[in-house]
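J.: Following this line is coords.cif, made up of mmCIF, C-alpha atoms:
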```cif
data_model
loop_
_atom_site.label_atom_id
_atom_site.label_comp_id
_atom_site.auth_asym_id
_atom_site.auth_seq_id
_atom_site.Cartn_x
_atom_site.Cartn_y
_atom_site.Cartn_z
CA MET U 1 137.17 30.14 18.31
CA SER U 2 137.08 32.38 21.40
CA GLU U 3 134.06 32.28 23.67
CA ILE U 4 131.68 35.23 23.39
CA VAL U 5 131.44 37.10 26.66
CA ASP U 6 128.50 39.42 27.33
CA THR U 7 129.63 42.12 29.75
CA PHE U 8 126.41 44.16 29.61
CA ILE U 9 124.81 44.92 32.97
CA ALA U 10 121.35 46.50 32.78
CA PRO U 11 120.83 49.55 35.01
CA PRO U 12 117.88 49.35 37.42
CA CYS U 13 114.44 49.92 35.87
CA HIS U 14 112.05 51.25 38.50
CA ASP U 15 108.95 51.86 36.36
CA GLN U 16 106.13 49.32 36.27
CA ILE U 17 105.04 47.26 33.28
CA GLU U 18 101.69 48.44 31.93
CA ILE U 19 99.23 45.61 31.29
CA LEU U 20 96.94 46.81 28.51
CA TYR U 21 94.76 43.69 28.17
CA GLN U 22 94.49 40.30 29.82
CA ASP U 23 92.32 37.21 29.60
CA ASP U 24 92.76 33.54 30.52
CA HIS U 25 95.02 32.94 27.52
CA LEU U 26 97.27 35.93 26.93
CA LEU U 27 98.47 39.34 28.05
CA LEU U 28 99.15 42.47 26.05
CA ILE U 29 101.70 44.76 27.70
CA ASN U 30 103.58 47.97 27.09
CA LYS U 31 107.25 47.08 27.59
CA LEU U 32 109.46 49.71 29.16
CA SER U 33 112.57 51.05 27.47
CA GLY U 34 115.50 49.93 29.62
CA LEU U 35 114.00 46.58 30.64
CA LEU U 36 115.20 43.22 29.31
CA SER U 37 112.56 40.99 27.72
CA LEU U 38 114.13 37.87 29.24
CA SER U 39 116.54 37.57 32.17
CA GLY U 40 120.21 37.32 31.20
CA LYS U 41 122.74 34.66 32.20
CA ASN U 42 124.46 37.14 34.50
CA PRO U 43 122.59 37.12 37.86
CA LEU U 44 122.80 40.93 37.84
CA ASN U 45 120.49 40.84 34.80
CA LEU U 46 117.67 38.94 36.53
CA ASP U 47 115.09 41.72 36.18
CA SER U 48 113.09 41.36 32.98
CA VAL U 49 109.59 41.34 31.52
CA HIS U 50 109.31 37.59 32.06
CA HIS U 51 110.82 37.67 35.56
CA ARG U 52 108.27 40.25 36.67
CA LEU U 53 105.19 38.80 34.99
CA VAL U 54 105.67 35.16 36.00
CA LYS U 55 105.24 36.19 39.66
CA ASN U 56 101.61 37.18 39.03
CA PHE U 57 100.94 34.96 36.01
CA PRO U 58 102.58 31.56 36.71
CA GLY U 59 103.36 29.63 33.55
CA CYS U 60 103.45 32.68 31.27
CA THR U 61 106.05 32.63 28.49
CA LEU U 62 107.39 35.07 25.91
CA VAL U 63 106.20 34.67 22.34
CA HIS U 64 108.60 37.30 20.98
CA ARG U 65 111.07 39.83 22.35
CA LEU U 66 111.85 43.51 22.09
CA ASP U 67 115.39 44.87 22.41
CA PHE U 68 116.43 46.24 25.80
CA GLY U 69 116.05 49.86 24.66
CA THR U 70 112.85 49.38 22.66
CA SER U 71 109.49 50.10 24.28
CA GLY U 72 106.02 49.10 23.23
CA LEU U 73 103.61 46.26 22.57
CA MET U 74 104.36 42.66 23.46
CA VAL U 75 101.99 39.68 23.57
CA ILE U 76 102.62 37.17 26.36
CA ALA U 77 101.25 33.62 26.35
CA ARG U 78 99.76 32.34 29.61
CA ASN U 79 100.39 28.64 28.85
CA LYS U 80 102.40 26.44 26.49
CA ALA U 81 99.55 25.71 24.11
CA ILE U 82 98.86 29.42 23.55
CA ASN U 83 102.59 30.04 23.13
CA ALA U 84 102.77 27.39 20.40
CA ALA U 85 99.73 28.82 18.60
CA LEU U 86 101.07 32.39 18.71
CA CYS U 87 104.59 31.32 17.73
CA GLN U 88 103.10 29.66 14.66
CA GLN U 89 101.52 32.96 13.64
CA PHE U 90 104.89 34.71 14.03
CA SER U 91 106.76 32.03 12.08
CA GLN U 92 104.17 32.19 9.28
CA ARG U 93 104.56 35.99 9.26
CA SER U 94 100.84 36.50 9.72
CA VAL U 95 101.53 38.83 12.66
CA ARG U 96 101.87 42.48 11.61
CA LYS U 97 104.25 44.65 13.66
CA ILE U 98 104.53 48.41 13.23
CA TYR U 99 107.07 50.62 14.95
CA SER U 100 107.47 54.36 15.51
CA ALA U 101 110.99 55.79 15.44
CA LEU U 102 113.00 58.98 15.30
CA LEU U 103 115.88 58.85 12.80
CA CYS U 104 118.97 61.06 12.95
CA GLY U 105 118.78 63.75 10.24
CA HIS U 106 116.18 64.54 7.62
CA LEU U 107 115.50 61.51 5.44
CA ALA U 108 115.41 62.42 1.76
CA GLU U 109 112.80 59.93 0.53
CA ASP U 110 109.21 59.85 1.81
CA ASP U 111 108.98 56.05 1.80
CA GLY U 112 110.83 52.98 0.65
CA MET U 113 112.04 49.45 1.28
CA ILE U 114 115.34 48.36 2.82
CA GLU U 115 116.37 44.86 1.77
CA ALA U 116 119.66 43.55 3.15
CA ALA U 117 120.61 40.20 4.69
CA ILE U 118 121.67 40.20 8.35
CA ALA U 119 124.18 37.95 10.14
CA LYS U 120 125.81 37.81 13.57
CA ASP U 121 129.01 39.84 13.90
CA ALA U 122 131.23 37.34 15.72
CA ALA U 123 133.95 39.92 16.33
CA CYS U 124 131.64 42.57 17.82
CA PHE U 125 129.01 40.81 19.98
CA PRO U 126 126.15 41.69 20.38
CA ARG U 127 126.19 43.60 17.11
CA MET U 128 124.74 42.22 13.91
CA THR U 129 126.16 42.95 10.47
CA ILE U 130 124.96 43.25 6.87
CA CYS U 131 126.24 40.16 5.04
CA ALA U 132 124.93 39.04 1.64
CA ALA U 133 126.95 35.80 1.71
CA HIS U 134 126.05 34.42 5.13
CA GLY U 135 123.14 36.55 6.39
CA LYS U 136 119.44 35.73 6.56
CA PRO U 137 117.16 37.71 4.21
CA ALA U 138 115.62 40.81 5.83
CA ARG U 139 113.18 43.44 4.57
CA SER U 140 111.93 46.61 6.24
CA ARG U 141 109.53 49.28 4.97
CA TYR U 142 109.67 52.89 6.08
CA GLN U 143 107.31 55.84 5.73
CA VAL U 144 108.07 59.40 6.77
CA ILE U 145 105.57 61.06 9.10
CA GLU U 146 107.38 64.36 9.59
CA ARG U 147 110.79 66.01 9.42
CA THR U 148 111.29 67.92 12.63
CA GLU U 149 113.72 68.58 15.49
CA TYR U 150 114.41 66.90 18.82
CA ALA U 151 115.45 68.96 21.84
CA GLN U 152 117.94 67.24 24.15
CA GLN U 153 117.89 67.89 27.89
CA ASP U 154 121.25 69.67 27.60
CA GLY U 155 119.77 72.20 25.19
CA ASN U 156 121.08 70.72 21.95
CA VAL U 157 118.51 70.60 19.15
CA VAL U 158 119.05 67.99 16.46
CA PRO U 159 117.24 67.35 13.15
CA VAL U 160 115.19 64.13 13.14
CA THR U 161 112.72 62.32 10.93
CA ARG U 162 109.71 60.66 12.52
CA VAL U 163 108.95 57.45 10.65
CA VAL U 164 106.74 54.38 10.72
CA LEU U 165 108.79 51.19 10.29
CA THR U 166 107.24 47.89 9.22
CA PRO U 167 109.53 44.86 9.33
CA GLU U 168 108.51 42.15 6.86
CA THR U 169 110.96 39.73 8.49
CA GLY U 170 111.97 39.41 12.14
CA ARG U 171 115.78 39.39 12.35
CA THR U 172 117.66 40.47 15.47
CA HIS U 173 118.31 44.26 15.46
CA GLN U 174 116.73 44.41 11.99
CA LEU U 175 115.23 47.90 12.13
CA ARG U 176 118.27 49.37 13.88
CA ILE U 177 120.83 48.05 11.41
CA HIS U 178 118.63 48.70 8.36
CA CYS U 179 118.18 52.35 9.35
CA GLN U 180 121.95 52.66 9.79
CA LEU U 181 122.41 51.18 6.30
CA LEU U 182 119.92 53.74 4.99
CA GLY U 183 122.23 56.44 6.37
CA TYR U 184 119.84 57.63 9.09
CA PRO U 185 120.38 55.61 12.30
CA ILE U 186 117.70 55.52 14.98
CA LEU U 187 118.30 58.31 17.47
CA GLY U 188 119.79 56.97 20.70
CA CYS U 189 120.92 53.65 19.18
CA ASP U 190 124.16 52.74 20.91
CA LEU U 191 125.14 49.89 18.57
CA TYR U 192 124.37 51.34 15.16
CA GLY U 193 125.36 55.00 15.11
CA GLY U 194 122.44 56.69 16.85
CA LEU U 195 124.66 58.40 19.44
CA GLN U 196 127.46 59.46 17.09
CA ARG U 197 125.93 62.44 15.30
CA PRO U 198 126.77 65.87 16.77
CA GLY U 199 124.28 66.71 19.52
CA CYS U 200 122.96 63.14 19.74
CA GLU U 201 125.41 61.85 22.34
CA THR U 202 123.14 62.53 25.34
CA THR U 203 119.91 61.03 23.95
CA PRO U 204 118.26 59.35 26.97
CA ARG U 205 116.95 56.21 25.23
CA LEU U 206 116.60 54.33 21.96
CA MET U 207 113.87 56.16 20.05
CA LEU U 208 112.11 53.00 18.85
CA HIS U 209 108.61 52.00 19.99
CA ALA U 210 106.47 49.01 19.00
CA SER U 211 103.27 50.94 18.37
CA GLU U 212 101.01 48.37 16.67
CA LEU U 213 100.59 44.59 16.86
CA HIS U 214 98.03 42.77 14.72
CA PHE U 215 97.31 39.05 15.16
CA MET U 216 94.51 36.51 15.60
CA HIS U 217 93.44 35.50 19.10
CA PRO U 218 94.41 31.79 19.24
CA VAL U 219 91.22 30.75 21.08
CA SER U 220 88.43 33.09 19.97
CA GLY U 221 89.79 33.52 16.45
CA LYS U 222 89.05 37.24 16.60
CA ALA U 223 91.43 39.74 15.02
CA ILE U 224 93.39 41.68 17.64
CA HIS U 225 94.47 45.18 16.57
CA ALA U 226 96.58 46.53 19.43
CA ARG U 227 97.87 50.09 19.32
CA HIS U 228 99.97 52.10 21.80
CA ALA U 229 101.08 55.65 21.07
CA SER U 230 104.79 56.47 20.97
CA PRO U 231 106.07 58.17 24.17
CA PHE U 232 108.45 60.40 22.17
#
```
As structure tokens, what does this structure read like?
T.:
Amino acid sequence: MSEIVDTFIAPPCHDQIEILYQDDHLLLINKLSGLLSLSGKNPLNLDSVHHRLVKNFPGCTLVHRLDFGTSGLMVIARNKAINAALCQQFSQRSVRKIYSALLCGHLAEDDGMIEAAIAKDAACFPRMTICAAHGKPARSRYQVIERTEYAQQDGNVVPVTRVVLTPETGRTHQLRIHCQLLGYPILGCDLYGGLQRPGCETTPRLMLHASELHFMHPVSGKAIHARHASPF
């Protein structure tokens, strides 16, 4: 079996991470689109959410990740005990994550569920693939907010559907590949068809934003309802 080689080099990201909340136990941040969650093996991919934050918050660790192109809410643990407690909430699926997205085209249905197992695509790293035989179960809910248009910087205007996406599982690239399966890829998605529609080729970013994160504070026990408006 041939070794998988990751040739991706992240372009420089000059914007600053926005810290929305902090205490002695955790941080809530707004991750930038175009910033890795964790540094890559290639030394040119050193810059990341973790690489930046650990300089000011020694010992901090990631509880979960967002894709390179996805922006929005992330919770960061400030020590190992908090990481373990938060990871348990994620593994038990008691954490609720809600995303905002723009989909290519006008989605016919107003809401629905996408249920399709996801597996690694060994031949096309880093892509994932829909695979009933070998994939892990994955479920995503969608709800249409509006059917509208998106104006590109080059003057092209493309039809889009603004949706709220709620993943009920947490598979890699789940929302991106599920929306492609639905027939309406996320605008700007380079791996799953979001740059292939006419007029969509110059979209500046992946139009996916983690807009809500609901969990229990592992020390105080209080419910945390974090919200951050979509930038698109």
J.: With the file shown as input, list the residues that the PyMOL selection byres ((chain U and resi 219-230) around 12) selects, as JSON, numbers by chain.
T.: {"U": [18, 19, 20, 21, 23, 24, 25, 26, 27, 28, 29, 30, 31, 32, 33, 70, 71, 72, 73, 74, 75, 77, 81, 82, 83, 85, 86, 94, 95, 96, 97, 98, 99, 100, 101, 102, 162, 163, 164, 207, 208, 209, 210, 211, 212, 213, 214, 215, 216, 217, 218, 231, 232]}
J.: Using all atoms listed in the file, can you tell me which of U:Asn45, U:Thr129, U:Gln152, U:Gln16 comes closest to U:Arg205?
T.: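 Comparing U:Asn45, U:Thr129, U:Gln152, U:Gln16 against U:Arg205, the winner is U:Gln152.
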J.: Name the residues that the PyMOL selection byres ((chain U and resi 104) around 9) pulls out of this structure, and write them as a list in words.
T.: Leu102, Leu103, Gly105, His106, Leu107, Val158, Pro159, Val160, Thr161, Gly183, Tyr184, Pro185, Ile186, Leu187, Gly188, Gly194, Arg197 and Cys200 of chain U
J.: Which residue is closest to U:Val63? Choose from U:Lys80, U:Arg93, U:His178, U:His134 and count only C-alpha atoms.
T.: U:Lys80
J.: Env of U:Asp47: 9 Å cut, atoms = all atoms listed in the file, seq-sep filter 5 positions within chain, self excluded. Answer as a ChimeraX atom specification.
T.: /U:10,12-13,35-40,52
J.: Output stretch 160-171 of chain U with all heavy atoms present, as a PDB file, keeping the file's coordinate frame.
T.:
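Written file, part.pdb:
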```
ATOM      1  N   VAL U 160     115.630  65.534  13.132  1.00  0.00           N
ATOM      2  CA  VAL U 160     115.190  64.130  13.140  1.00  0.00           C
ATOM      3  C   VAL U 160     114.043  63.941  12.155  1.00  0.00           C
ATOM      4  O   VAL U 160     113.355  64.899  11.782  1.00  0.00           O
ATOM      5  CB  VAL U 160     114.747  63.668  14.545  1.00  0.00           C
ATOM      6  CG1 VAL U 160     115.901  63.686  15.531  1.00  0.00           C
ATOM      7  CG2 VAL U 160     113.584  64.509  15.056  1.00  0.00           C
ATOM      8  N   THR U 161     113.856  62.708  11.759  1.00  0.00           N
ATOM      9  CA  THR U 161     112.720  62.320  10.930  1.00  0.00           C
ATOM     10  C   THR U 161     111.889  61.299  11.681  1.00  0.00           C
ATOM     11  O   THR U 161     112.410  60.259  12.096  1.00  0.00           O
ATOM     12  CB  THR U 161     113.176  61.720   9.588  1.00  0.00           C
ATOM     13  OG1 THR U 161     114.023  62.655   8.913  1.00  0.00           O
ATOM     14  CG2 THR U 161     111.979  61.397   8.706  1.00  0.00           C
ATOM     15  N   ARG U 162     110.624  61.617  11.887  1.00  0.00           N
ATOM     16  CA  ARG U 162     109.710  60.660  12.520  1.00  0.00           C
ATOM     17  C   ARG U 162     109.189  59.728  11.430  1.00  0.00           C
ATOM     18  O   ARG U 162     108.649  60.177  10.413  1.00  0.00           O
ATOM     19  CB  ARG U 162     108.556  61.391  13.196  1.00  0.00           C
ATOM     20  CG  ARG U 162     107.627  60.470  13.990  1.00  0.00           C
ATOM     21  CD  ARG U 162     106.511  61.263  14.669  1.00  0.00           C
ATOM     22  NE  ARG U 162     107.052  62.224  15.618  1.00  0.00           N
ATOM     23  CZ  ARG U 162     107.399  61.930  16.869  1.00  0.00           C
ATOM     24  NH1 ARG U 162     107.268  60.696  17.313  1.00  0.00           N
ATOM     25  NH2 ARG U 162     107.867  62.874  17.656  1.00  0.00           N
ATOM     26  N   VAL U 163     109.353  58.432  11.650  1.00  0.00           N
ATOM     27  CA  VAL U 163     108.950  57.450  10.650  1.00  0.00           C
ATOM     28  C   VAL U 163     108.123  56.338  11.259  1.00  0.00           C
ATOM     29  O   VAL U 163     108.157  56.098  12.469  1.00  0.00           O
ATOM     30  CB  VAL U 163     110.185  56.819   9.948  1.00  0.00           C
ATOM     31  CG1 VAL U 163     110.966  57.849   9.150  1.00  0.00           C
ATOM     32  CG2 VAL U 163     111.087  56.109  10.961  1.00  0.00           C
ATOM     33  N   VAL U 164     107.389  55.658  10.396  1.00  0.00           N
ATOM     34  CA  VAL U 164     106.740  54.380  10.720  1.00  0.00           C
ATOM     35  C   VAL U 164     107.574  53.303  10.039  1.00  0.00           C
ATOM     36  O   VAL U 164     107.871  53.389   8.838  1.00  0.00           O
ATOM     37  CB  VAL U 164     105.295  54.349  10.215  1.00  0.00           C
ATOM     38  CG1 VAL U 164     104.735  52.938  10.289  1.00  0.00           C
ATOM     39  CG2 VAL U 164     104.432  55.294  11.028  1.00  0.00           C
ATOM     40  N   LEU U 165     107.977  52.289  10.809  1.00  0.00           N
ATOM     41  CA  LEU U 165     108.790  51.190  10.290  1.00  0.00           C
ATOM     42  C   LEU U 165     107.975  49.892  10.365  1.00  0.00           C
ATOM     43  O   LEU U 165     107.388  49.588  11.406  1.00  0.00           O
ATOM     44  CB  LEU U 165     110.068  51.029  11.103  1.00  0.00           C
ATOM     45  CG  LEU U 165     111.018  52.233  11.144  1.00  0.00           C
ATOM     46  CD1 LEU U 165     112.139  51.993  12.146  1.00  0.00           C
ATOM     47  CD2 LEU U 165     111.594  52.500   9.754  1.00  0.00           C
ATOM     48  N   THR U 166     107.968  49.160   9.270  1.00  0.00           N
ATOM     49  CA  THR U 166     107.240  47.890   9.220  1.00  0.00           C
ATOM     50  C   THR U 166     108.201  46.790   8.782  1.00  0.00           C
ATOM     51  O   THR U 166     108.544  46.703   7.603  1.00  0.00           O
ATOM     52  CB  THR U 166     106.055  47.963   8.245  1.00  0.00           C
ATOM     53  OG1 THR U 166     105.240  49.097   8.570  1.00  0.00           O
ATOM     54  CG2 THR U 166     105.210  46.706   8.320  1.00  0.00           C
ATOM     55  N   PRO U 167     108.658  45.958   9.726  1.00  0.00           N
ATOM     56  CA  PRO U 167     109.530  44.860   9.330  1.00  0.00           C
ATOM     57  C   PRO U 167     108.736  43.737   8.680  1.00  0.00           C
ATOM     58  O   PRO U 167     107.718  43.304   9.214  1.00  0.00           O
ATOM     59  CB  PRO U 167     110.134  44.397  10.671  1.00  0.00           C
ATOM     60  CG  PRO U 167     109.099  44.760  11.686  1.00  0.00           C
ATOM     61  CD  PRO U 167     108.419  46.012  11.179  1.00  0.00           C
ATOM     62  N   GLU U 168     109.188  43.266   7.524  1.00  0.00           N
ATOM     63  CA  GLU U 168     108.510  42.150   6.860  1.00  0.00           C
ATOM     64  C   GLU U 168     109.148  40.818   7.250  1.00  0.00           C
ATOM     65  O   GLU U 168     108.601  39.757   6.959  1.00  0.00           O
ATOM     66  CB  GLU U 168     108.536  42.356   5.347  1.00  0.00           C
ATOM     67  CG  GLU U 168     107.738  43.572   4.909  1.00  0.00           C
ATOM     68  CD  GLU U 168     107.474  43.613   3.423  1.00  0.00           C
ATOM     69  OE1 GLU U 168     107.993  42.747   2.684  1.00  0.00           O
ATOM     70  OE2 GLU U 168     106.748  44.525   2.993  1.00  0.00           O
ATOM     71  N   THR U 169     110.315  40.892   7.895  1.00  0.00           N
ATOM     72  CA  THR U 169     110.960  39.730   8.490  1.00  0.00           C
ATOM     73  C   THR U 169     111.268  40.098   9.939  1.00  0.00           C
ATOM     74  O   THR U 169     111.088  41.240  10.341  1.00  0.00           O
ATOM     75  CB  THR U 169     112.247  39.361   7.741  1.00  0.00           C
ATOM     76  OG1 THR U 169     113.064  40.539   7.618  1.00  0.00           O
ATOM     77  CG2 THR U 169     111.945  38.819   6.351  1.00  0.00           C
ATOM     78  N   GLY U 170     111.771  39.154  10.716  1.00  0.00           N
ATOM     79  CA  GLY U 170     111.970  39.410  12.140  1.00  0.00           C
ATOM     80  C   GLY U 170     113.379  39.090  12.610  1.00  0.00           C
ATOM     81  O   GLY U 170     113.557  38.339  13.564  1.00  0.00           O
ATOM     82  N   ARG U 171     114.387  39.656  11.973  1.00  0.00           N
ATOM     83  CA  ARG U 171     115.780  39.390  12.350  1.00  0.00           C
ATOM     84  C   ARG U 171     116.181  40.231  13.568  1.00  0.00           C
ATOM     85  O   ARG U 171     115.651  41.344  13.784  1.00  0.00           O
ATOM     86  CB  ARG U 171     116.727  39.698  11.196  1.00  0.00           C
ATOM     87  CG  ARG U 171     116.360  39.052   9.876  1.00  0.00           C
ATOM     88  CD  ARG U 171     116.224  37.551   9.969  1.00  0.00           C
ATOM     89  NE  ARG U 171     115.788  36.984   8.693  1.00  0.00           N
ATOM     90  CZ  ARG U 171     115.222  35.805   8.565  1.00  0.00           C
ATOM     91  NH1 ARG U 171     115.001  35.066   9.631  1.00  0.00           N
ATOM     92  NH2 ARG U 171     114.864  35.361   7.379  1.00  0.00           N
TER      93      ARG U 171
END
```
